[in-house]
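Undergrad: You'll find input_1.txt just under this line, and it carries compact mmCIF, C-alpha atoms and all ligand atoms.
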```
# COMPACT_ATOMS: atom_id res chain seq x y z
CA MET A 899 9.06 14.67 11.75
CA ASN A 900 12.29 16.37 10.76
CA THR A 901 14.32 14.89 7.99
CA ALA A 902 17.55 13.27 8.98
CA SER A 903 20.75 13.09 7.05
CA ALA A 904 22.64 9.85 6.83
CA GLU A 905 25.10 11.17 9.39
CA GLN A 906 22.38 11.49 12.01
CA ILE A 907 21.64 7.79 11.93
CA THR A 908 23.85 5.81 14.24
CA PRO A 909 22.29 2.38 14.34
CA GLY A 910 24.31 -0.54 15.47
CA PRO A 911 25.50 -2.92 12.80
CA TRP A 912 22.93 -5.12 11.06
CA PRO A 913 23.08 -8.71 12.38
CA VAL A 914 25.73 -10.73 10.54
CA GLU A 915 23.09 -13.22 9.42
CA GLY A 916 21.73 -10.60 7.01
CA VAL A 917 18.07 -10.44 6.07
CA THR A 918 17.13 -13.52 8.07
CA ARG A 919 17.42 -11.24 11.10
CA ILE A 920 15.61 -7.90 11.31
CA PRO A 921 16.78 -5.73 14.23
CA TYR A 922 13.71 -4.47 16.07
CA ARG A 923 15.02 -0.91 16.12
CA ALA A 924 14.05 -0.79 12.42
CA PHE A 925 10.46 -0.58 13.65
CA PHE A 926 11.10 2.15 16.23
CA ASP A 927 14.00 4.45 15.54
CA PRO A 928 12.78 7.99 14.66
CA ALA A 929 15.96 8.62 12.67
CA ILE A 930 15.34 5.52 10.56
CA TYR A 931 11.74 6.62 10.04
CA ALA A 932 12.88 10.08 8.93
CA GLN A 933 15.40 8.58 6.55
CA GLU A 934 12.70 6.33 5.06
CA GLN A 935 10.69 9.42 4.22
CA GLU A 936 13.61 10.89 2.28
CA ARG A 937 15.15 7.83 0.70
CA ILE A 938 12.07 5.73 0.06
CA PHE A 939 8.90 7.79 -0.14
CA ARG A 940 10.48 11.04 -1.39
CA GLY A 941 13.25 9.19 -3.17
CA HIS A 942 13.48 7.11 -6.34
CA THR A 943 10.16 5.42 -5.82
CA TRP A 944 6.82 5.32 -7.59
CA ASN A 945 4.21 5.66 -4.84
CA TYR A 946 0.65 4.48 -5.38
CA VAL A 947 -1.72 7.40 -4.73
CA GLY A 948 -5.10 6.21 -6.00
CA LEU A 949 -7.27 4.91 -8.81
CA GLU A 950 -8.19 6.87 -11.92
CA ALA A 951 -11.77 5.84 -11.18
CA GLU A 952 -11.65 7.92 -7.98
CA ILE A 953 -11.17 11.13 -9.95
CA PRO A 954 -12.97 10.46 -13.24
CA ASN A 955 -13.90 14.01 -14.32
CA ALA A 956 -12.03 17.14 -15.34
CA ALA A 957 -10.98 19.16 -12.25
CA ASP A 958 -11.58 16.21 -9.89
CA PHE A 959 -8.97 15.93 -7.17
CA LYS A 960 -7.89 13.58 -4.43
CA ALA A 961 -5.82 14.56 -1.39
CA THR A 962 -3.66 11.81 0.06
CA PHE A 963 -0.10 11.20 1.22
CA ILE A 964 3.22 9.94 -0.05
CA GLY A 965 4.77 8.54 3.08
CA ASP A 966 3.66 11.18 5.57
CA THR A 967 3.89 14.11 3.11
CA PRO A 968 0.44 15.46 2.17
CA ILE A 969 -0.10 15.65 -1.58
CA VAL A 970 -2.89 16.30 -4.08
CA ILE A 971 -3.61 14.57 -7.38
CA THR A 972 -5.71 16.46 -9.94
CA ARG A 973 -7.13 15.66 -13.36
CA ASN A 974 -7.26 18.28 -16.12
CA LYS A 975 -9.79 18.51 -18.95
CA GLU A 976 -7.56 16.44 -21.24
CA GLY A 977 -7.61 13.62 -18.69
CA VAL A 978 -3.97 14.20 -17.69
CA PHE A 979 -3.10 13.77 -14.02
CA HIS A 980 -0.97 16.24 -12.08
CA GLY A 981 0.38 16.04 -8.57
CA PHE A 982 1.78 18.50 -6.07
CA VAL A 983 2.72 18.68 -2.43
CA ASN A 984 -0.20 19.97 -0.38
CA ARG A 985 1.81 22.71 1.31
CA CYS A 986 1.22 26.36 0.48
CA ALA A 987 4.17 28.17 -1.10
CA HIS A 988 3.41 31.21 1.08
CA ARG A 989 3.76 30.09 4.69
CA GLY A 990 3.27 26.38 4.51
CA ALA A 991 -0.40 25.72 5.30
CA ILE A 992 -2.32 22.74 3.94
CA VAL A 993 -3.98 24.06 0.79
CA CYS A 994 -6.52 21.35 -0.02
CA ARG A 995 -8.45 20.29 3.08
CA GLU A 996 -10.95 17.82 1.64
CA PRO A 997 -10.13 14.25 0.71
CA ARG A 998 -11.86 14.42 -2.67
CA GLY A 999 -13.87 16.83 -4.80
CA ASN A 1000 -13.98 18.93 -7.94
CA ARG A 1001 -12.56 22.42 -8.42
CA LEU A 1002 -10.55 24.30 -11.01
CA ARG A 1003 -8.60 26.31 -8.47
CA HIS A 1004 -7.12 25.28 -5.12
CA GLN A 1005 -7.11 28.13 -2.64
CA CYS A 1006 -5.25 28.23 0.65
CA VAL A 1007 -7.58 29.37 3.41
CA TYR A 1008 -4.89 31.25 5.34
CA HIS A 1009 -4.19 34.19 2.95
CA GLN A 1010 -6.02 32.88 -0.10
CA TRP A 1011 -3.12 32.25 -2.42
CA THR A 1012 -4.69 30.39 -5.32
CA TYR A 1013 -3.26 27.62 -7.50
CA ASP A 1014 -4.35 25.98 -10.75
CA LEU A 1015 -4.67 22.24 -11.40
CA GLN A 1016 -0.93 21.93 -11.96
CA GLY A 1017 -0.04 23.75 -8.76
CA ASN A 1018 0.94 27.03 -10.46
CA LEU A 1019 0.32 30.15 -8.40
CA VAL A 1020 -2.39 32.13 -10.18
CA GLY A 1021 -3.78 34.44 -7.50
CA VAL A 1022 -2.25 36.52 -4.69
CA PRO A 1023 -4.54 38.86 -2.71
CA PHE A 1024 -3.31 42.45 -2.36
CA ARG A 1025 -0.25 41.63 -4.41
CA GLY A 1026 0.17 45.30 -5.40
CA GLY A 1027 -0.93 46.62 -2.00
CA VAL A 1028 -3.76 49.12 -1.54
CA ALA A 1029 -3.56 52.76 -2.55
CA GLY A 1030 0.15 52.43 -3.18
CA LYS A 1031 0.87 50.96 0.23
CA GLY A 1032 1.98 47.48 1.19
CA GLY A 1033 1.91 44.45 -1.06
CA TYR A 1034 4.78 42.54 -2.58
CA PRO A 1035 7.97 44.05 -3.96
CA SER A 1036 7.94 44.75 -7.70
CA ASP A 1037 10.26 41.83 -8.40
CA PHE A 1038 7.80 39.29 -6.96
CA GLN A 1039 7.45 36.46 -9.48
CA PRO A 1040 4.42 34.17 -9.03
CA ALA A 1041 6.10 31.57 -11.26
CA GLU A 1042 8.73 31.11 -8.56
CA HIS A 1043 6.09 30.22 -5.99
CA SER A 1044 4.21 27.29 -7.40
CA LEU A 1045 3.49 24.24 -5.30
CA ARG A 1046 6.15 21.50 -5.27
CA LYS A 1047 5.26 19.45 -8.34
CA LEU A 1048 5.42 15.68 -8.56
CA ARG A 1049 5.81 13.31 -11.46
CA VAL A 1050 2.65 11.34 -12.10
CA GLU A 1051 2.19 8.24 -14.25
CA THR A 1052 -0.57 5.69 -14.51
CA TYR A 1053 -0.71 2.00 -15.22
CA LYS A 1054 -4.07 0.49 -16.19
CA GLY A 1055 -6.07 2.78 -13.96
CA LEU A 1056 -3.62 2.87 -11.03
CA ILE A 1057 -2.08 6.29 -10.35
CA PHE A 1058 1.46 6.61 -9.02
CA ALA A 1059 3.49 9.72 -8.16
CA SER A 1060 7.15 10.36 -7.51
CA PHE A 1061 9.31 13.11 -6.04
CA ALA A 1062 12.19 12.04 -8.29
CA ASP A 1063 12.55 13.66 -11.71
CA ASP A 1064 15.16 11.17 -12.87
CA ILE A 1065 13.34 7.96 -11.99
CA GLU A 1066 12.74 5.06 -14.40
CA SER A 1067 9.32 4.83 -16.05
CA LEU A 1068 6.49 3.41 -13.98
CA GLU A 1069 6.32 0.40 -16.32
CA ASP A 1070 9.97 -0.37 -15.70
CA TYR A 1071 9.57 0.22 -11.97
CA LEU A 1072 6.80 -2.36 -11.82
CA GLY A 1073 8.66 -4.77 -14.08
CA PRO A 1074 7.20 -7.43 -16.41
CA ASP A 1075 6.30 -10.00 -13.75
CA MET A 1076 4.35 -7.54 -11.60
CA ARG A 1077 2.66 -6.02 -14.65
CA HIS A 1078 1.60 -9.49 -15.75
CA TRP A 1079 -0.26 -10.02 -12.48
CA LEU A 1080 -1.61 -6.46 -12.26
CA ASP A 1081 -3.03 -7.02 -15.74
CA ARG A 1082 -5.04 -9.90 -14.32
CA LEU A 1083 -7.05 -7.47 -12.19
CA PHE A 1084 -6.78 -4.20 -14.12
CA SER A 1085 -7.51 -5.03 -17.74
CA ARG A 1086 -11.06 -3.71 -17.50
CA PRO A 1087 -12.32 -0.29 -16.33
CA VAL A 1088 -12.85 -0.41 -12.59
CA GLN A 1089 -15.54 1.14 -10.46
CA VAL A 1090 -14.98 2.12 -6.83
CA LEU A 1091 -17.45 0.42 -4.48
CA GLY A 1092 -16.40 1.94 -1.17
CA TYR A 1093 -13.73 2.52 1.44
CA ALA A 1094 -12.63 1.27 4.83
CA ARG A 1095 -9.77 2.63 6.87
CA GLN A 1096 -8.07 1.66 10.08
CA TYR A 1097 -5.37 3.16 12.27
CA ILE A 1098 -2.77 0.69 13.43
CA HIS A 1099 -0.36 1.35 16.27
CA ALA A 1100 2.62 -0.32 14.69
CA ASN A 1101 5.39 0.41 12.22
CA TRP A 1102 4.35 0.33 8.56
CA LYS A 1103 6.97 -2.28 7.66
CA LEU A 1104 5.27 -4.85 9.88
CA TYR A 1105 2.41 -4.66 7.40
CA ALA A 1106 4.79 -4.82 4.43
CA GLU A 1107 6.05 -8.07 5.95
CA ASN A 1108 2.52 -9.32 6.60
CA THR A 1109 1.36 -9.13 3.01
CA ARG A 1110 4.51 -10.98 1.87
CA ASP A 1111 3.97 -13.71 4.45
CA PRO A 1112 2.08 -16.84 3.36
CA TYR A 1113 3.20 -18.64 6.56
CA HIS A 1114 0.73 -16.83 8.81
CA ALA A 1115 -2.18 -16.87 6.39
CA SER A 1116 -3.39 -20.38 7.20
CA LEU A 1117 -2.53 -20.17 10.91
CA LEU A 1118 -3.45 -16.71 12.22
CA HIS A 1119 -6.62 -16.44 10.19
CA LEU A 1120 -8.97 -19.05 11.63
CA PHE A 1121 -11.72 -18.20 9.18
CA HIS A 1122 -9.42 -18.63 6.20
CA THR A 1123 -8.59 -22.22 6.96
CA THR A 1124 -11.85 -23.34 8.50
CA PHE A 1125 -13.84 -22.44 5.42
CA GLY A 1126 -11.29 -23.42 2.83
CA ILE A 1127 -10.38 -19.98 1.46
CA TYR A 1128 -6.72 -20.47 2.12
CA ARG A 1129 -4.79 -23.47 3.37
CA ALA A 1130 -1.06 -24.03 3.51
CA ALA A 1131 -1.38 -27.09 1.31
CA MET A 1132 -2.95 -25.17 -1.54
CA GLY A 1133 -1.26 -24.67 -4.85
CA GLY A 1134 0.47 -21.36 -5.20
CA GLY A 1135 3.64 -19.54 -4.34
CA VAL A 1136 5.40 -16.21 -4.24
CA ILE A 1137 6.85 -14.34 -7.21
CA MET A 1138 9.23 -11.44 -6.82
CA ASP A 1139 10.51 -8.99 -9.40
CA ASP A 1140 14.25 -8.84 -10.10
CA THR A 1141 14.85 -6.23 -7.38
CA LYS A 1142 12.81 -8.26 -4.80
CA ARG A 1143 10.98 -5.11 -3.74
CA HIS A 1144 7.60 -6.25 -5.07
CA ASP A 1145 5.86 -9.56 -4.45
CA MET A 1146 2.94 -11.51 -5.82
CA LEU A 1147 1.46 -14.14 -3.50
CA ARG A 1148 -1.04 -16.44 -5.15
CA ALA A 1149 -3.04 -19.41 -3.90
CA PHE A 1150 -5.39 -21.76 -5.71
CA ARG A 1151 -7.35 -24.86 -4.81
CA ILE A 1152 -5.90 -28.30 -5.38
CA SER A 1153 -8.03 -31.08 -3.95
CA GLU A 1154 -9.99 -30.82 -0.73
CA ALA A 1155 -8.67 -34.24 0.30
CA GLN A 1156 -5.03 -33.18 -0.08
CA GLU A 1157 -5.64 -29.98 1.84
CA LYS A 1158 -7.28 -31.83 4.72
CA GLU A 1159 -4.54 -34.42 4.76
CA ALA A 1160 -1.93 -31.71 5.28
CA TYR A 1161 -3.58 -30.74 8.58
CA ARG A 1162 -4.78 -34.11 9.88
CA GLY A 1163 -3.16 -35.23 13.13
CA LYS A 1164 -0.90 -32.17 13.35
CA ASP A 1165 -2.72 -30.32 16.13
CA ILE A 1166 -3.13 -27.19 14.07
CA ARG A 1167 -5.91 -25.28 15.79
CA THR A 1168 -7.15 -23.53 12.67
CA TYR A 1169 -8.46 -26.65 11.01
CA GLN A 1170 -11.93 -27.29 12.40
CA GLU A 1171 -13.89 -29.60 10.16
CA GLN A 1172 -17.08 -29.43 12.20
CA TYR A 1173 -17.78 -25.72 11.63
CA THR A 1174 -20.17 -24.49 8.98
CA LEU A 1175 -21.47 -21.04 8.15
CA ALA A 1176 -25.09 -20.32 9.09
CA ASP A 1177 -25.20 -18.15 5.96
CA PRO A 1178 -22.98 -19.80 3.36
CA SER A 1179 -23.89 -17.17 0.76
CA LEU A 1180 -20.93 -15.16 2.07
CA LEU A 1181 -18.64 -17.56 0.26
CA HIS A 1182 -20.74 -17.99 -2.84
CA THR A 1183 -18.12 -17.22 -5.46
CA ARG A 1184 -18.36 -16.71 -9.17
CA LYS A 1185 -15.63 -17.69 -11.61
CA GLU A 1186 -14.45 -14.56 -13.42
CA PHE A 1187 -10.75 -14.78 -14.31
CA ASP A 1188 -8.91 -17.00 -16.78
CA VAL A 1189 -6.38 -17.82 -14.06
CA GLU A 1190 -8.53 -18.80 -11.09
CA LEU A 1191 -7.01 -17.93 -7.71
CA THR A 1192 -8.63 -17.89 -4.29
CA ASN A 1193 -6.04 -15.32 -3.18
CA HIS A 1194 -4.10 -12.77 -5.21
CA ILE A 1195 -2.12 -10.60 -2.79
CA GLN A 1196 0.31 -8.35 -4.65
CA SER A 1197 2.62 -5.97 -2.82
CA ILE A 1198 4.07 -3.07 -4.82
CA PHE A 1199 6.88 -1.32 -2.95
CA PRO A 1200 6.54 0.68 -0.85
CA CYS A 1201 2.90 1.28 -0.01
CA LEU A 1202 0.47 -0.58 -2.26
CA VAL A 1203 -1.18 -3.94 -1.84
CA VAL A 1204 -3.59 -5.17 -4.49
CA GLN A 1205 -5.87 -7.99 -3.49
CA GLN A 1206 -8.40 -10.41 -4.89
CA ILE A 1207 -9.84 -12.81 -2.35
CA GLN A 1208 -12.70 -14.85 -3.79
CA ASN A 1209 -14.64 -12.11 -5.63
CA THR A 1210 -13.69 -9.19 -3.43
CA LEU A 1211 -11.20 -6.77 -4.97
CA ALA A 1212 -9.39 -3.95 -3.22
CA THR A 1213 -6.30 -1.81 -3.09
CA ARG A 1214 -4.75 -1.36 0.33
CA HIS A 1215 -2.76 1.85 0.76
CA ILE A 1216 -0.22 1.90 3.58
CA LEU A 1217 0.18 5.39 5.02
CA PRO A 1218 2.99 5.75 7.58
CA LYS A 1219 2.24 8.35 10.24
CA LYS A 1220 4.91 7.92 12.91
CA PRO A 1221 7.60 5.33 13.62
CA ASP A 1222 5.00 3.27 15.48
CA GLU A 1223 1.78 4.24 13.69
CA PHE A 1224 0.32 3.82 10.24
CA GLU A 1225 -3.04 4.08 8.59
CA LEU A 1226 -4.39 1.46 6.21
CA LEU A 1227 -6.89 2.52 3.55
CA PHE A 1228 -8.90 -0.14 1.74
CA THR A 1229 -10.49 0.91 -1.55
CA PHE A 1230 -12.97 -1.74 -2.69
CA PHE A 1231 -13.65 -1.94 -6.39
CA GLY A 1232 -15.42 -3.93 -9.06
CA TYR A 1233 -15.66 -3.48 -12.82
CA GLU A 1234 -17.85 -1.06 -14.71
CA ASN A 1235 -19.47 -3.94 -16.57
CA ASP A 1236 -20.25 -6.08 -13.50
CA ASP A 1237 -23.83 -7.29 -13.41
CA ALA A 1238 -25.95 -6.72 -10.32
CA GLU A 1239 -25.35 -10.21 -8.95
CA LEU A 1240 -21.57 -9.98 -9.19
CA ARG A 1241 -21.57 -6.53 -7.64
CA ALA A 1242 -23.66 -7.86 -4.74
CA ILE A 1243 -21.21 -10.75 -4.26
CA ARG A 1244 -18.27 -8.32 -4.16
CA ILE A 1245 -19.96 -6.13 -1.59
CA LYS A 1246 -20.96 -9.06 0.61
CA GLN A 1247 -17.45 -10.50 0.42
CA ALA A 1248 -16.00 -7.15 1.41
CA ASN A 1249 -16.81 -8.48 4.89
CA LEU A 1250 -13.80 -10.77 4.52
CA VAL A 1251 -11.32 -7.88 4.58
CA GLY A 1252 -10.96 -4.39 6.01
CA PRO A 1253 -10.60 -3.41 9.68
CA ALA A 1254 -13.20 -5.95 10.86
CA GLY A 1255 -12.79 -8.43 8.03
CA TYR A 1256 -13.17 -12.09 8.88
CA ILE A 1257 -9.75 -12.81 7.41
CA SER A 1258 -7.90 -9.55 7.86
CA MET A 1259 -8.81 -8.12 11.25
CA GLU A 1260 -6.06 -10.21 12.78
CA ASP A 1261 -3.33 -8.63 10.63
CA GLY A 1262 -3.47 -5.18 12.20
CA HIS A 1263 -3.57 -6.73 15.63
CA ALA A 1264 -0.62 -9.02 14.86
CA ALA A 1265 1.43 -5.96 13.88
CA GLU A 1266 0.48 -4.31 17.19
CA LEU A 1267 1.38 -7.46 19.13
CA VAL A 1268 4.88 -7.20 17.69
CA GLN A 1269 5.18 -3.46 18.28
CA GLN A 1270 4.12 -3.83 21.92
CA ALA A 1271 6.49 -6.67 22.67
CA ILE A 1272 9.68 -5.23 21.17
CA VAL A 1273 9.59 -1.87 22.91
CA ARG A 1274 12.53 -2.59 25.25
CA ASP A 1275 14.44 -4.99 23.03
CA GLN A 1276 15.41 -2.92 20.07
CA GLU A 1277 18.78 -4.62 19.68
CA SER A 1278 17.15 -8.04 19.43
CA ALA A 1279 16.04 -9.29 16.05
CA SER A 1280 13.31 -11.32 14.40
CA PHE A 1281 14.05 -14.71 12.85
CA ILE A 1282 13.11 -15.15 9.19
CA GLU A 1283 14.35 -18.51 7.93
CA PHE A 1284 11.10 -20.23 7.02
CA GLY A 1285 11.60 -21.80 3.61
CA GLY A 1286 15.35 -21.35 3.88
CA ARG A 1287 17.59 -18.31 3.71
CA ASN A 1288 17.25 -17.37 0.08
CA MET A 1289 15.02 -14.76 -1.48
CA GLU A 1290 13.94 -16.48 -4.63
CA SER A 1291 10.47 -16.91 -6.04
CA GLU A 1292 8.91 -20.15 -4.80
CA GLU A 1293 6.26 -22.53 -6.05
CA ASN A 1294 4.91 -23.17 -2.57
CA LEU A 1295 3.37 -21.23 0.27
CA LEU A 1296 5.62 -22.45 3.08
CA THR A 1297 8.21 -19.73 2.85
CA GLU A 1298 9.23 -16.27 4.09
CA SER A 1299 11.40 -15.61 1.03
CA ALA A 1300 9.44 -12.53 -0.06
CA ILE A 1301 9.95 -10.97 3.38
CA ARG A 1302 13.69 -11.50 2.99
CA GLY A 1303 13.45 -9.98 -0.49
CA PHE A 1304 11.72 -6.89 0.87
CA TRP A 1305 14.40 -6.38 3.48
CA GLN A 1306 17.22 -6.88 1.05
CA TYR A 1307 15.88 -4.11 -1.18
CA TYR A 1308 15.10 -1.92 1.84
CA ARG A 1309 18.61 -2.27 3.21
CA GLY A 1310 20.06 -1.22 -0.12
CA VAL A 1311 17.91 1.91 -0.38
CA MET A 1312 18.44 2.82 3.26
CA ASN A 1313 22.12 1.92 3.35
CA LEU A 1314 21.57 -0.03 6.56
S1 LIG B 1 -0.08 30.13 4.06
FE1 LIG B 1 -1.23 29.81 2.27
S2 LIG B 1 -1.80 31.77 1.64
FE2 LIG B 1 -0.60 32.10 3.39
FE FE B 2 -3.01 -11.86 6.99
```
Mind turning this structure into structure tokens?
Ligand code: FES
Ligand SMILES: [Fe+2]

TA:
Amino acid sequence: MNTASAEQITPGPWPVEGVTRIPYRAFFDPAIYAQEQERIFRGHTWNYVGLEAEIPNAADFKATFIGDTPIVITRNKEGVFHGFVNRCAHRGAIVCREPRGNRLRHQCVYHQWTYDLQGNLVGVPFRGGVAGKGGYPSDFQPAEHSLRKLRVETYKGLIFASFADDIESLEDYLGPDMRHWLDRLFSRPVQVLGYARQYIHANWKLYAENTRDPYHASLLHLFHTTFGIYRAAMGGGVIMDDTKRHDMLRAFRISEAQEKEAYRGKDIRTYQEQYTLADPSLLHTRKEFDVELTNHIQSIFPCLVVQQIQNTLATRHILPKKPDEFELLFTFFGYENDDAELRAIRIKQANLVGPAGYISMEDGHAAELVQQAIVRDQESASFIEFGGRNMESEENLLTESAIRGFWQYYRGVMNL
């Protein structure tokens, strides 16, 4: 995808209603997608790239993406993380071709230019030619041909990288409210339990909306409601940071009777009292946090979702690929000091989420249902007035305010 300057984008005006209407072209237009790569992912943004626990040893590396730009994160022997764009300074090939591993030098396969853990060029074959013939001119300076370096900062085991040198600190970017809730899940050393990934034929922002959307959670996800994991009448709400770009959606149990009452006689198909699980151990949950929540779904702009559902913990990394395609990478984790029983519960409950998860398989499909239906109606718009028209934090789950907050911040960054 080529980058686009602001002048190349000629979208029609945004609907006069503002962020209660999202023009469908925002999910299609290649020029908007290209501008997102520059202004959001390669702009003044801290992008989640992984967990420290994924690269625990000196010289460990992880290859991933910021937006659709391939990058590599490395760890040096002092435990400091470095990041660079995974594009050879010679003629542009991918340098690191494995997703994870351990090596002190990263060598491009094409002509074997070699880089250190910081992305500095440290080896050039036949640099001086052979027998006085060929090679690079005498003024060739390896220091001018390092890989494009990124800023890297960590917060409690989460690694973020940025293309911007003049960006605020990661702590400030997250803000106190988001840090408070991240601390709930990341105050102990984590251990990676496994991965799941899925490829979704829809625009990445449909998923950014989805994880800020408590409205659908008790309606689309039959399993959620039927077995009492999440119901609209639960306690909870949405909390945004001051910029509205991030969101924390939390839900906790009130009384079973109140929850049932909210559904009774309302013809809501997801409430089916007669169903039981043949193997109820799936939902056997252990209390482990001071603040007990059934759902902790935290969206950190632009591409991270942190989740706790019952005892299953995961990061979800949104990786845009094309205007109408993204990949979703689930990294399941527990804590280093988990006992065997708790670890087994986490792994069993991993069945709740991921591509085939009992309460998340519908999300990817819902995004595709939108993408398929809007293909010829790009000047039409979605309607986002549930819970009103504001974008304030709410102490209830019957609202789309965090979706409006996302779009307000997005419009500002994108100048749309
Ligand atoms: S493109 Fe990497 S060494 Fe030539
Ligand atoms: Fe969902």

Undergrad: If the limit is 9 Å from any atom of ligand FE 2 (chain B), counting all atoms listed in the file, which residues qualify? Return them as a list of chain:residue names.

TA: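 If we count all atoms listed in the file, the neighbours of ligand FE 2 (chain B) turn out to be A:Asn1108, A:Thr1109, A:Asp1111, A:Pro1112, A:His1114, A:Ala1115, A:Ser1116, A:Leu1118, A:His1119, A:Ile1257, A:Ser1258, A:Met1259, A:Glu1260, A:Asp1261, A:Gly1262, A:Ala1264.
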
Undergrad: Closest to ligand LIG 1 (chain B) among A:Ala1130, A:Leu1015, A:Ile1216, A:Val1022, using all atoms listed in the file?

TA: A:Val1022

Undergrad: If you count all atoms listed in the file, which residues end up within 10 Å of ligand LIG 1 (chain B), as JSON, numbers by chain?

TA: {"A": [985, 986, 987, 988, 989, 990, 991, 992, 993, 1005, 1006, 1007, 1008, 1009, 1010, 1011, 1012, 1021, 1022, 1023]}

Undergrad: Up to 9 Å from (-4.3, -9.4, -5.4) in the file's coordinates: name the residues, counting all atoms listed in the file, as an MDAnalysis selection string.

TA: chainID A and resid 1079:1080 1082:1083 1146:1148 1193:1197 1203:1207 1211:1213

Undergrad: Between A:Tyr1256, A:Glu1298, A:Asn945, A:Leu1180, which is the closest to Ile1198 (chain A) once you count only C-alpha atoms?

TA: A:Asn945

Undergrad: Do you have the CA of Trp944 (chain A)-CA of Arg1214 (chain A) distance handy?

TA: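 Separation of CA of Trp944 (chain A) and CA of Arg1214 (chain A): 15.5 Å.
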